[in-house]
file coords.cif (mmCIF, C-alpha atoms)
data_protein
#
loop_
_atom_site.label_atom_id
_atom_site.label_comp_id
_atom_site.auth_asym_id
_atom_site.auth_seq_id
_atom_site.Cartn_x
_atom_site.Cartn_y
_atom_site.Cartn_z
CA MET A 1448 171.34 -88.85 44.36
CA ALA A 1449 169.07 -86.00 45.42
CA ASP A 1450 167.58 -88.23 48.12
CA ALA A 1451 171.04 -88.51 49.73
CA LEU A 1452 171.09 -84.73 50.35
CA PRO A 1453 169.99 -83.32 53.73
CA ALA A 1454 166.39 -82.11 53.82
CA SER A 1455 167.43 -78.42 53.99
CA ASP A 1456 169.55 -78.82 50.84
CA ARG A 1457 166.75 -80.67 49.04
CA ILE A 1458 164.42 -77.72 49.72
CA TRP A 1459 166.83 -75.39 47.92
CA ARG A 1460 166.88 -77.70 44.91
CA SER A 1461 163.14 -77.25 44.44
CA PRO A 1462 162.47 -74.75 41.63
CA SER A 1463 159.18 -73.65 43.24
CA VAL A 1464 160.87 -72.84 46.55
CA ILE A 1465 163.69 -70.98 44.80
CA ARG A 1466 161.24 -68.96 42.73
CA MET A 1467 159.06 -68.12 45.74
CA ALA A 1468 162.12 -67.06 47.74
CA GLY A 1469 163.32 -65.00 44.77
CA LEU A 1470 159.95 -63.27 44.47
CA ALA A 1471 159.93 -62.51 48.21
CA VAL A 1472 163.48 -61.09 48.12
CA ALA A 1473 162.76 -59.04 44.99
CA ALA A 1474 159.52 -57.70 46.50
CA ALA A 1475 161.30 -56.70 49.74
CA TYR A 1476 164.09 -55.03 47.76
CA ALA A 1477 161.56 -53.19 45.56
CA VAL A 1478 159.74 -51.93 48.67
CA PHE A 1479 163.07 -50.70 50.07
CA ILE A 1480 163.83 -48.87 46.80
CA VAL A 1481 160.42 -47.22 46.77
CA TRP A 1482 160.89 -46.18 50.41
CA VAL A 1483 164.31 -44.69 49.64
CA TYR A 1484 162.91 -42.62 46.76
CA VAL A 1485 159.95 -41.43 48.83
CA ALA A 1486 161.74 -40.78 52.14
CA GLN A 1487 164.85 -39.26 50.48
CA PRO A 1488 167.35 -40.01 53.26
CA ARG A 1489 170.28 -37.57 53.12
CA THR A 1490 172.90 -39.78 54.77
CA LEU A 1491 173.67 -43.47 55.12
CA ARG A 1492 172.84 -43.15 58.83
CA GLU A 1493 169.35 -42.05 57.88
CA VAL A 1494 169.05 -45.02 55.53
CA ARG A 1495 170.14 -47.41 58.28
CA GLY A 1496 167.85 -45.73 60.81
CA GLY A 1497 164.91 -45.83 58.45
CA VAL A 1498 165.36 -49.52 57.76
CA ALA A 1499 165.78 -50.24 61.47
CA ALA A 1500 162.66 -48.21 62.29
CA SER A 1501 160.62 -49.99 59.63
CA ILE A 1502 161.36 -53.35 61.26
CA GLY A 1503 160.94 -51.93 64.76
CA VAL A 1504 164.52 -52.20 66.01
CA TYR A 1505 165.54 -48.54 65.93
CA ARG A 1506 166.75 -47.19 69.30
CA ILE A 1507 167.96 -43.71 70.15
CA ASP A 1508 171.14 -43.03 72.11
CA ALA A 1509 169.69 -42.55 75.62
CA ALA A 1510 172.81 -40.86 77.03
CA SER A 1511 172.80 -38.18 74.31
CA PHE A 1512 169.07 -37.70 74.76
CA ASP A 1513 169.48 -37.12 78.52
CA GLU A 1514 172.29 -34.70 77.81
CA GLY A 1515 170.05 -32.85 75.36
CA LEU A 1516 167.31 -32.71 77.95
CA ARG A 1517 169.68 -31.17 80.49
CA TYR A 1518 170.71 -28.47 78.01
CA PHE A 1519 167.07 -27.90 77.06
CA ARG A 1520 166.03 -27.35 80.68
CA THR A 1521 168.78 -24.77 81.17
CA ASP A 1522 167.74 -22.89 78.01
CA ARG A 1523 170.88 -23.82 76.07
CA PHE A 1524 168.85 -24.63 72.97
CA ALA A 1525 171.58 -24.85 70.33
CA GLU A 1526 173.53 -27.33 72.48
CA ALA A 1527 170.32 -29.22 73.20
CA ARG A 1528 169.58 -29.60 69.50
CA ARG A 1529 173.07 -30.92 68.82
CA ALA A 1530 172.71 -33.52 71.56
CA PHE A 1531 169.23 -34.51 70.37
CA ALA A 1532 170.51 -34.81 66.79
CA ARG A 1533 173.26 -37.11 68.05
CA ALA A 1534 170.69 -39.16 69.95
CA ASP A 1535 168.46 -39.59 66.91
CA PRO A 1536 170.72 -39.51 63.84
CA ALA A 1537 168.09 -41.04 61.57
CA GLN A 1538 165.45 -38.50 62.71
CA ARG A 1539 163.04 -41.33 63.35
CA ASP A 1540 162.16 -40.87 67.01
CA ALA A 1541 159.02 -38.80 67.57
CA ARG A 1542 159.87 -37.69 71.12
CA THR A 1543 163.39 -36.53 70.24
CA GLN A 1544 162.18 -34.66 67.17
CA TYR A 1545 159.47 -33.07 69.32
CA TYR A 1546 162.10 -31.77 71.72
CA ILE A 1547 164.14 -30.44 68.80
CA ALA A 1548 161.04 -28.59 67.58
CA TYR A 1549 160.45 -27.33 71.12
CA ALA A 1550 164.05 -26.08 71.32
CA PHE A 1551 163.50 -24.05 68.14
CA LEU A 1552 160.17 -22.77 69.47
CA ARG A 1553 161.55 -21.64 72.83
CA GLU A 1554 164.58 -20.04 71.25
CA GLY A 1555 162.41 -18.23 68.72
CA TRP A 1556 159.81 -17.12 71.22
CA GLY A 1557 160.01 -13.52 72.35
CA ARG A 1558 157.67 -11.54 74.56
CA VAL A 1559 156.90 -9.05 71.77
CA TYR A 1560 157.93 -10.94 68.65
CA ALA A 1561 158.51 -14.43 67.25
CA ASP A 1562 161.58 -15.32 65.20
CA ASP A 1563 160.03 -16.60 61.96
CA ALA A 1564 163.15 -18.46 60.81
CA LEU A 1565 163.37 -20.47 64.03
CA TYR A 1566 159.63 -21.09 64.06
CA ARG A 1567 159.82 -22.50 60.53
CA GLN A 1568 162.61 -24.83 61.58
CA ALA A 1569 160.43 -25.85 64.50
CA GLU A 1570 157.63 -26.66 62.06
CA VAL A 1571 159.95 -28.86 60.00
CA ALA A 1572 161.13 -30.74 63.08
CA LEU A 1573 157.52 -31.10 64.26
CA GLN A 1574 156.56 -32.59 60.89
CA ARG A 1575 159.35 -35.14 61.28
CA ALA A 1576 158.07 -35.96 64.77
CA GLN A 1577 154.53 -36.45 63.48
CA ALA A 1578 155.75 -38.56 60.57
CA ALA A 1579 157.50 -40.88 63.03
CA THR A 1580 154.21 -41.76 64.75
CA SER A 1581 151.53 -44.11 63.49
CA ASP A 1582 148.63 -41.71 64.12
CA GLY A 1583 150.42 -38.45 63.32
CA VAL A 1584 150.06 -37.08 66.88
CA VAL A 1585 152.94 -36.74 69.33
CA ARG A 1586 152.18 -36.71 73.07
CA VAL A 1587 154.94 -35.96 75.57
CA ALA A 1588 154.21 -36.20 79.29
CA ASP A 1589 156.84 -33.77 80.55
CA PRO A 1590 155.71 -31.37 83.32
CA ASP A 1591 158.35 -28.87 82.17
CA LEU A 1592 156.54 -28.42 78.83
CA THR A 1593 153.53 -26.17 78.39
CA LEU A 1594 152.63 -27.70 75.02
CA LYS A 1595 152.26 -31.43 75.51
CA THR A 1596 150.96 -32.49 72.10
CA SER A 1597 151.98 -31.85 68.53
CA ASP A 1598 148.56 -30.26 67.88
CA GLU A 1599 149.17 -27.64 70.57
CA MET A 1600 152.66 -26.93 69.26
CA ALA A 1601 151.49 -26.70 65.65
CA GLU A 1602 148.90 -24.11 66.67
CA ALA A 1603 151.44 -22.14 68.73
CA LEU A 1604 153.81 -22.07 65.76
CA ALA A 1605 151.05 -21.05 63.37
CA ARG A 1606 150.05 -18.22 65.75
CA GLY A 1607 153.64 -17.06 65.98
CA LEU A 1608 154.07 -17.02 62.21
CA ARG A 1609 150.77 -15.26 61.57
CA GLY A 1610 150.90 -11.49 61.22
CA ASP A 1611 147.64 -9.87 62.33
CA ALA A 1612 146.14 -7.26 64.67
CA SER A 1613 146.66 -9.47 67.73
CA ASP A 1614 150.40 -8.81 67.40
CA LEU A 1615 149.71 -5.25 68.56
CA ASN A 1616 147.84 -6.33 71.68
CA PRO A 1617 149.89 -5.10 74.69
CA LEU A 1618 148.43 -7.88 76.83
CA SER A 1619 150.36 -10.40 74.75
CA MET A 1620 153.44 -9.26 76.69
CA LEU A 1621 151.96 -10.97 79.72
CA GLU A 1622 151.75 -14.35 77.97
CA LYS A 1623 153.62 -17.19 79.57
CA ARG A 1624 156.53 -18.75 77.67
CA PRO A 1625 155.46 -21.98 75.95
CA MET B 484 161.09 -81.63 29.40
CA THR B 485 162.41 -78.28 30.67
CA ALA B 486 165.64 -77.75 32.58
CA GLU B 487 163.47 -76.98 35.60
CA ALA B 488 161.67 -80.31 35.30
CA ARG B 489 165.02 -82.12 35.04
CA GLY B 490 166.06 -80.64 38.36
CA ASP B 491 168.72 -78.33 36.90
CA VAL B 492 168.17 -75.37 39.22
CA GLY B 493 171.06 -73.16 38.03
CA PRO B 494 168.94 -71.21 35.52
CA VAL B 495 166.15 -70.98 38.09
CA TRP B 496 168.47 -69.30 40.63
CA HIS B 497 169.65 -67.02 37.84
CA GLU B 498 166.11 -65.92 36.98
CA ALA B 499 164.79 -65.79 40.54
CA PHE B 500 167.68 -64.00 42.22
CA THR B 501 170.56 -62.81 40.02
CA LEU B 502 168.70 -60.91 37.33
CA PRO B 503 166.07 -59.21 39.54
CA LEU B 504 168.71 -58.16 42.07
CA VAL B 505 171.06 -56.87 39.38
CA PHE B 506 168.35 -54.79 37.69
CA LEU B 507 166.79 -53.57 40.94
CA SER B 508 170.25 -52.51 42.14
CA THR B 509 170.68 -50.60 38.88
CA ALA B 510 167.31 -48.94 39.44
CA LEU B 511 168.35 -47.97 42.97
CA LEU B 512 171.86 -46.72 42.20
CA GLY B 513 171.00 -45.11 38.85
CA GLY B 514 169.09 -42.36 40.64
CA LEU B 515 171.67 -41.82 43.37
CA ARG B 516 173.39 -38.44 43.38
CA ILE B 517 176.11 -37.72 45.92
CA ASP B 518 177.04 -34.07 46.37
CA ALA B 519 180.49 -32.77 47.25
CA GLY B 520 179.60 -32.79 50.95
CA GLY B 521 178.59 -36.46 50.85
CA GLY B 522 174.84 -35.77 51.01
CA LEU B 523 172.63 -38.28 49.21
CA ALA B 524 169.73 -37.58 46.88
CA PHE B 525 167.62 -40.15 45.06
CA VAL B 526 166.32 -38.71 41.80
CA ARG B 527 163.34 -40.17 39.97
CA PRO B 528 163.78 -40.58 36.21
CA PRO B 529 162.29 -37.78 34.09
CA LEU B 530 159.52 -38.67 31.63
CA PHE B 531 161.88 -38.61 28.69
CA ALA B 532 164.06 -41.25 30.34
CA LEU B 533 161.00 -43.53 30.30
CA VAL B 534 160.64 -42.98 26.55
CA LEU B 535 164.32 -43.75 26.02
CA ALA B 536 164.01 -46.85 28.23
CA VAL B 537 161.19 -48.15 26.03
CA MET B 538 163.36 -47.60 22.95
CA LEU B 539 166.29 -49.35 24.63
CA ILE B 540 164.13 -52.36 25.54
CA ALA B 541 162.72 -52.41 22.01
CA ALA B 542 166.28 -52.49 20.65
CA LEU B 543 167.17 -55.32 23.05
CA TYR B 544 164.09 -57.24 21.92
CA ARG B 545 164.73 -56.80 18.21
CA SER B 546 168.33 -57.89 18.57
CA GLY B 547 167.36 -61.02 20.49
CA ALA B 548 169.19 -59.93 23.66
CA PHE B 549 165.85 -59.81 25.47
CA ASP B 550 163.33 -62.53 24.74
CA PRO B 551 159.98 -62.09 26.53
CA ALA B 552 158.61 -65.22 24.83
CA ARG B 553 161.16 -67.22 26.78
CA LEU B 554 160.15 -65.62 30.08
CA PHE B 555 156.43 -66.15 29.48
CA HIS B 556 156.55 -69.46 27.64
CA PRO B 557 153.24 -71.38 27.95
CA ARG B 558 155.12 -74.38 29.38
CA ARG B 559 156.39 -72.36 32.31
CA THR B 560 154.65 -72.62 35.65
CA GLY B 561 152.81 -69.67 37.19
CA LEU B 562 155.77 -69.01 39.47
CA GLY B 563 158.08 -69.14 36.46
CA LYS B 564 155.98 -66.54 34.68
CA ALA B 565 155.90 -64.40 37.83
CA SER B 566 159.72 -64.57 37.92
CA GLY B 567 159.74 -63.50 34.28
CA ALA B 568 157.43 -60.57 35.07
CA VAL B 569 159.74 -59.43 37.87
CA ILE B 570 162.68 -59.48 35.46
CA VAL B 571 160.77 -57.43 32.87
CA VAL B 572 159.64 -54.81 35.42
CA ALA B 573 163.11 -54.60 36.98
CA LEU B 574 164.71 -54.30 33.53
CA ALA B 575 162.35 -51.45 32.63
CA ALA B 576 163.08 -49.59 35.88
CA ALA B 577 166.81 -50.16 35.47
CA ALA B 578 166.80 -48.97 31.86
CA ALA B 579 164.95 -45.76 32.79
CA GLN B 580 167.32 -45.00 35.67
CA MET B 581 170.36 -45.84 33.55
CA MET B 582 169.29 -43.38 30.86
CA ALA B 583 168.64 -40.73 33.53
CA ALA B 584 172.01 -41.37 35.16
CA LEU B 585 173.88 -40.87 31.88
CA THR B 586 172.01 -37.69 30.96
CA PRO B 587 172.53 -34.29 32.60
CA ASP B 588 169.71 -33.57 35.04
CA GLU B 589 168.59 -30.26 33.51
CA GLY B 590 169.38 -27.43 31.13
CA LEU B 591 170.38 -27.25 27.50
CA PHE B 592 172.83 -30.13 27.88
CA ALA B 593 169.98 -32.38 28.99
CA LEU B 594 168.05 -31.49 25.84
CA ALA B 595 171.11 -32.10 23.66
CA PHE B 596 171.75 -35.48 25.29
CA ASP B 597 168.10 -36.49 24.91
CA LEU B 598 168.13 -35.65 21.21
CA VAL B 599 171.33 -37.61 20.66
CA TRP B 600 169.93 -40.62 22.56
CA LEU B 601 166.76 -40.44 20.46
CA VAL B 602 168.70 -40.45 17.20
CA LEU B 603 171.06 -43.21 18.35
CA PHE B 604 168.27 -45.53 19.48
CA GLY B 605 166.21 -44.76 16.38
CA ASN B 606 169.23 -45.63 14.27
CA THR B 607 169.84 -48.80 16.28
CA LEU B 608 166.23 -49.91 15.83
CA ALA B 609 166.42 -49.26 12.10
CA ALA B 610 169.78 -51.06 11.71
CA ARG B 611 168.51 -54.17 13.56
CA PRO B 612 171.88 -55.36 14.86
CA ASN B 613 172.27 -58.82 16.36
CA ARG B 614 172.75 -59.33 20.08
CA GLY B 615 176.55 -59.14 20.12
CA ARG B 616 176.67 -56.00 18.03
CA LEU B 617 173.97 -54.32 20.08
CA LEU B 618 175.81 -55.03 23.33
CA SER B 619 179.02 -53.63 21.84
CA SER B 620 177.10 -50.61 20.59
CA LEU B 621 175.54 -50.03 24.02
CA LEU B 622 178.96 -50.23 25.64
CA VAL B 623 180.25 -47.53 23.29
CA MET B 624 177.14 -45.33 23.66
CA PHE B 625 177.10 -45.56 27.44
CA GLY B 626 180.85 -45.07 27.62
CA ALA B 627 180.71 -41.98 25.41
CA ALA B 628 177.83 -40.48 27.43
CA PHE B 629 179.72 -41.17 30.65
CA VAL B 630 182.89 -39.50 29.37
CA VAL B 631 181.03 -36.42 28.14
CA LYS B 632 178.85 -36.00 31.24
CA PHE B 633 181.20 -36.92 34.06
CA ILE B 634 184.65 -36.21 32.66
CA LEU B 635 184.39 -33.43 30.07
CA LEU B 636 181.43 -31.44 31.40
CA GLY B 637 182.36 -32.30 34.97
CA ALA B 638 185.85 -30.89 34.40
CA LEU B 639 184.67 -27.82 32.48
CA TYR B 640 182.24 -26.81 35.20
CA ALA B 641 184.29 -27.93 38.19
CA PRO B 642 184.79 -25.10 40.69
CA ASP B 643 188.52 -25.81 40.98
CA ALA B 644 191.06 -25.73 38.14
CA SER B 645 191.94 -29.43 37.79
CA VAL B 646 194.39 -30.82 35.24
CA THR B 647 191.50 -32.19 33.18
CA LYS B 648 189.85 -28.79 33.16
CA ARG B 649 193.03 -27.09 31.97
CA VAL B 650 193.48 -29.71 29.22
CA VAL B 651 189.88 -29.38 28.05
CA MET B 652 190.03 -25.60 28.11
CA ALA B 653 193.24 -25.72 26.08
CA LEU B 654 191.62 -28.02 23.52
CA VAL B 655 188.60 -25.76 23.10
CA GLU B 656 190.61 -22.59 23.17
CA GLY B 657 188.58 -19.60 22.07
CA VAL B 658 185.25 -21.24 22.88
CA SER B 659 183.31 -19.54 25.65
CA LEU B 660 180.73 -21.35 27.72
CA GLY B 661 178.86 -18.05 28.01
CA THR B 662 175.72 -18.44 30.07
CA LEU B 663 175.35 -22.17 29.40
CA ALA B 664 174.51 -23.26 32.93
CA TYR B 665 175.37 -26.73 34.20
CA GLN B 666 175.60 -28.15 37.69
CA PRO B 667 178.26 -30.89 37.66
CA PRO B 668 177.44 -33.94 39.77
CA GLY B 669 179.66 -34.69 42.77
CA PRO B 670 182.74 -36.81 42.00
CA ALA B 671 181.36 -39.79 43.91
CA THR B 672 178.30 -39.84 41.65
CA GLY B 673 180.57 -40.59 38.69
CA TYR B 674 182.05 -43.64 40.38
CA VAL B 675 178.60 -44.93 41.34
CA THR B 676 177.27 -44.37 37.81
CA PHE B 677 180.28 -46.12 36.28
CA ALA B 678 179.73 -49.21 38.44
CA THR B 679 175.98 -49.06 37.81
CA GLY B 680 176.49 -48.91 34.04
CA LEU B 681 178.70 -51.99 34.11
CA LEU B 682 176.19 -53.78 36.32
CA PHE B 683 173.36 -52.95 33.92
CA LEU B 684 175.30 -54.12 30.86
CA ALA B 685 176.28 -57.32 32.66
CA GLY B 686 172.62 -57.90 33.51
CA VAL B 687 171.56 -57.32 29.91
CA ALA B 688 174.27 -59.71 28.68
CA ALA B 689 173.05 -62.33 31.16
CA LEU B 690 169.37 -62.13 30.14
CA PRO B 691 168.01 -65.58 29.20
CA ARG B 692 167.51 -65.93 25.47
CA GLY B 693 166.63 -68.55 22.93
CA PRO B 694 164.52 -71.60 23.74
CA GLU B 695 164.64 -72.95 27.28
CA PRO B 696 167.11 -75.88 27.40
CA GLY B 697 165.24 -79.09 26.72
CA ALA B 698 161.89 -77.41 26.13
CA GLY B 699 159.84 -78.11 23.03
CA ASP B 700 161.03 -75.50 20.57
CA GLY B 701 157.98 -74.16 18.82
CA LEU B 702 159.81 -71.04 17.63
CA VAL B 703 163.35 -70.77 16.39
CA ARG B 704 165.03 -67.45 15.73
CA VAL B 705 167.10 -67.97 12.57
CA VAL B 706 167.96 -64.39 11.61
CA PRO B 707 168.27 -61.49 14.03
CA GLY B 708 164.87 -59.86 14.18
CA GLU B 709 163.17 -62.51 12.03
CA VAL B 710 161.03 -65.21 13.64
CA VAL B 711 160.20 -68.38 11.73
CA ALA B 712 157.73 -70.98 13.00
CA VAL B 713 159.08 -74.54 12.86
CA PRO B 714 156.59 -77.40 13.41
CA ASP B 715 157.57 -79.51 16.40
CA PRO B 716 155.94 -82.97 16.55
CA ARG B 717 156.49 -83.14 20.29
CA LEU B 718 154.03 -80.28 20.75
CA ASP B 719 151.23 -82.05 18.84
#
call {"tool": "encode", "arguments": {"input": "coords.cif", "output": "structure tokens"}}
result
Amino acid sequence: MADALPASDRIWRSPSVIRMAGLAVAAAYAVFIVWVYVAQPRTLREVRGGVAASIGVYRIDAASFDEGLRYFRTDRFAEARRAFARADPAQRDARTQYYIAYAFLREGWGRVYADDALYRQAEVALQRAQAATSDGVVRVADPDLTLKTSDEMAEALARGLRGDASDLNPLSMLEKRP
Amino acid sequence: MTAEARGDVGPVWHEAFTLPLVFLSTALLGGLRIDAGGGLAFVRPPLFALVLAVMLIAALYRSGAFDPARLFHPRRTGLGKASGAVIVVALAAAAAQMMAALTPDEGLFALAFDLVWLVLFGNTLAARPNRGRLLSSLLVMFGAAFVVKFILLGALYAPDASVTKRVVMALVEGVSLGTLAYQPPGPATGYVTFATGLLFLAGVAALPRGPEPGAGDGLVRVVPGEVVAVPDPRLD
């Protein structure tokens, strides 16, 4: 009777095959559950994006990203961040998150002061960008940017958030915008 | 000759797919909290939920609803035992998350719930009910906890004055909540927990028990909680 079944059906009547498939499915599901509890996605879009990124099929919305870039280059940082957020709803793309961090940094940068709240938001976005890379370093080859790596930006943010005697240096007013 | 050896793969599918997926889904959804704005949070079970989960599994074992000897029977293949191990681990995770889901996350209410769970499970272990009675008892316990946490407390601490809140306040007229703080879960969390509770109970009811069909029966459970060895010539 079993011999009359097609080969593919016979495979799924083998207890060993069923058990191995069950173990594989359960293991994959368990890994997903652990990831969800560690990554703490806040929306279903983040869950979907995270799963897509983990299997290497996550893509950002290029049109929204380009739009964000246009806003960014004309110093409309709030609009730029909205467009970047639309481009990368799962917050899984290192380059987009880097630009979001940069938008916070440029908006928070002042010739004689740094806006701590915006700098902290920049730090959070930068951490997301670093987490989205395999080696923890983001490199962006954009001639419009002064800070081209996440290390440079992290240091700039740390300097901005630090309160010390260098804040009183009048020459700091001559510093170029990052 | 086991069912597996006879080519009856229904129970194998059940053990390999249905039970692990049911319990893992319970473990996933049991920690899900959805706030009023639709934001998700996945909460790990507190340590006390692990203690309660152990007591729950002990109660399931003593009632015969959960039979590890069946899952790790010496006649089972290595893969069969691995399947059994997955079921046990998934059941433990699901039980912990289920207890956490039915208990307030923090505050004095959490302590009160934990104490009540402790007494109820202690009482259940001492009473040694059979499988059917334990499942009925769990249904009542989980149902009562759900009603208190999501309907009564949820209504009492809801920011808006719903009908339920007005009814509850009328029933407990004269009682003040004082400074008893409680953060009610979002309404969607209640629906998820309700479905998760039913899923968990269905999984527990579907756990394999008794001797494997057709296997040499070295042990026969004759009274709930009592195990009597019966000589089986086929095993000699």
call {"tool": "residues_around", "arguments": {"input": "coords.cif", "residues": "range 680-691 of chain B", "least_positions_apart": "3", "cutoff": "10 Å", "atoms": "all atoms listed in the file", "output": "JSON, numbers by chain"}}
result
{"B": [494, 497, 498, 501, 502, 503, 504, 505, 506, 507, 508, 509, 510, 512, 513, 540, 543, 547, 548, 549, 550, 551, 553, 554, 567, 570, 574, 577, 578, 581, 582, 584, 585, 614, 615, 618, 619, 621, 622, 625, 626, 629, 674, 675, 676, 677, 694, 695]}
call {"tool": "resolve_selection", "arguments": {"input": "coords.cif", "expression": "the PyMOL selection byres ((chain B and resi 530) around 12)", "output": "list in words"}}
result
Arg527, Pro528, Pro529, Phe531, Ala532, Leu533, Val534, Leu535, Ala536, Val537, Ala579, Gln580, Met582, Ala583, Asp588 and Asp597 of chain B
call {"tool": "closest_atom_pairs", "arguments": {"input": "coords.cif", "of": "chain B", "to": "chain A", "cutoff": "8 Å", "atoms": "only C-alpha atoms", "output": "Markdown table"}}
result
| residue | atom | partner | partner_atom | distance |
| --- | --- | --- | --- | --- |
| B:Glu487 | CA | A:Pro1462 | CA | 6.5 |
| B:Gly490 | CA | A:Arg1460 | CA | 7.2 |
| B:Val492 | CA | A:Pro1462 | CA | 6.2 |
| B:Val495 | CA | A:Pro1462 | CA | 6.3 |
| B:Trp496 | CA | A:Ile1465 | CA | 6.6 |
| B:Ala499 | CA | A:Gly1469 | CA | 4.5 |
| B:Phe500 | CA | A:Gly1469 | CA | 5.1 |
| B:Pro503 | CA | A:Ala1473 | CA | 6.4 |
| B:Leu504 | CA | A:Ala1473 | CA | 6.7 |
| B:Leu507 | CA | A:Ala1477 | CA | 7.0 |
| B:Leu511 | CA | A:Ile1480 | CA | 6.0 |
| B:Gly521 | CA | A:Thr1490 | CA | 7.7 |
| B:Gly522 | CA | A:Arg1489 | CA | 5.3 |
| B:Leu523 | CA | A:Arg1489 | CA | 4.6 |
| B:Ala524 | CA | A:Arg1489 | CA | 6.3 |
| B:Phe525 | CA | A:Tyr1484 | CA | 5.6 |
| B:Val526 | CA | A:Tyr1484 | CA | 7.2 |
| B:Arg527 | CA | A:Tyr1484 | CA | 7.2 |
| B:Leu562 | CA | A:Arg1466 | CA | 6.4 |
| B:Gly563 | CA | A:Arg1466 | CA | 7.0 |
| B:Ala565 | CA | A:Leu1470 | CA | 7.9 |
| B:Ser566 | CA | A:Leu1470 | CA | 6.7 |
| B:Val569 | CA | A:Leu1470 | CA | 7.6 |
call {"tool": "residues_near_point", "arguments": {"input": "coords.cif", "point": "(154.0, -12.3, 61.5)", "cutoff": "6 Å", "atoms": "only C-alpha atoms", "output": "ChimeraX atom specification"}}
result
/A:1608-1610
call {"tool": "resolve_selection", "arguments": {"input": "coords.cif", "expression": "the PyMOL selection byres ((chain A and resi 1514-1523) around 12)", "output": "PDB file with C-alpha atoms, keeping the file's coordinate frame"}}
result
ATOM      1  CA  ASP A1508     171.140 -43.030  72.110  1.00  0.00           C
ATOM      2  CA  ALA A1509     169.690 -42.550  75.620  1.00  0.00           C
ATOM      3  CA  ALA A1510     172.810 -40.860  77.030  1.00  0.00           C
ATOM      4  CA  SER A1511     172.800 -38.180  74.310  1.00  0.00           C
ATOM      5  CA  PHE A1512     169.070 -37.700  74.760  1.00  0.00           C
ATOM      6  CA  ASP A1513     169.480 -37.120  78.520  1.00  0.00           C
ATOM      7  CA  PHE A1524     168.850 -24.630  72.970  1.00  0.00           C
ATOM      8  CA  ALA A1525     171.580 -24.850  70.330  1.00  0.00           C
ATOM      9  CA  GLU A1526     173.530 -27.330  72.480  1.00  0.00           C
ATOM     10  CA  ALA A1527     170.320 -29.220  73.200  1.00  0.00           C
ATOM     11  CA  ARG A1528     169.580 -29.600  69.500  1.00  0.00           C
ATOM     12  CA  ARG A1529     173.070 -30.920  68.820  1.00  0.00           C
ATOM     13  CA  ALA A1530     172.710 -33.520  71.560  1.00  0.00           C
ATOM     14  CA  PHE A1531     169.230 -34.510  70.370  1.00  0.00           C
ATOM     15  CA  ALA A1532     170.510 -34.810  66.790  1.00  0.00           C
ATOM     16  CA  ARG A1533     173.260 -37.110  68.050  1.00  0.00           C
ATOM     17  CA  ALA A1534     170.690 -39.160  69.950  1.00  0.00           C
ATOM     18  CA  ASP A1535     168.460 -39.590  66.910  1.00  0.00           C
ATOM     19  CA  ARG A1542     159.870 -37.690  71.120  1.00  0.00           C
ATOM     20  CA  THR A1543     163.390 -36.530  70.240  1.00  0.00           C
ATOM     21  CA  GLN A1544     162.180 -34.660  67.170  1.00  0.00           C
ATOM     22  CA  TYR A1545     159.470 -33.070  69.320  1.00  0.00           C
ATOM     23  CA  TYR A1546     162.100 -31.770  71.720  1.00  0.00           C
ATOM     24  CA  ILE A1547     164.140 -30.440  68.800  1.00  0.00           C
ATOM     25  CA  ALA A1548     161.040 -28.590  67.580  1.00  0.00           C
ATOM     26  CA  TYR A1549     160.450 -27.330  71.120  1.00  0.00           C
ATOM     27  CA  ALA A1550     164.050 -26.080  71.320  1.00  0.00           C
ATOM     28  CA  PHE A1551     163.500 -24.050  68.140  1.00  0.00           C
ATOM     29  CA  LEU A1552     160.170 -22.770  69.470  1.00  0.00           C
ATOM     30  CA  ARG A1553     161.550 -21.640  72.830  1.00  0.00           C
ATOM     31  CA  GLU A1554     164.580 -20.040  71.250  1.00  0.00           C
ATOM     32  CA  GLY A1555     162.410 -18.230  68.720  1.00  0.00           C
ATOM     33  CA  TRP A1556     159.810 -17.120  71.220  1.00  0.00           C
ATOM     34  CA  ASP A1589     156.840 -33.770  80.550  1.00  0.00           C
ATOM     35  CA  PRO A1590     155.710 -31.370  83.320  1.00  0.00           C
ATOM     36  CA  ASP A1591     158.350 -28.870  82.170  1.00  0.00           C
ATOM     37  CA  LEU A1592     156.540 -28.420  78.830  1.00  0.00           C
ATOM     38  CA  ARG A1624     156.530 -18.750  77.670  1.00  0.00           C
TER      39      ARG A1624
END
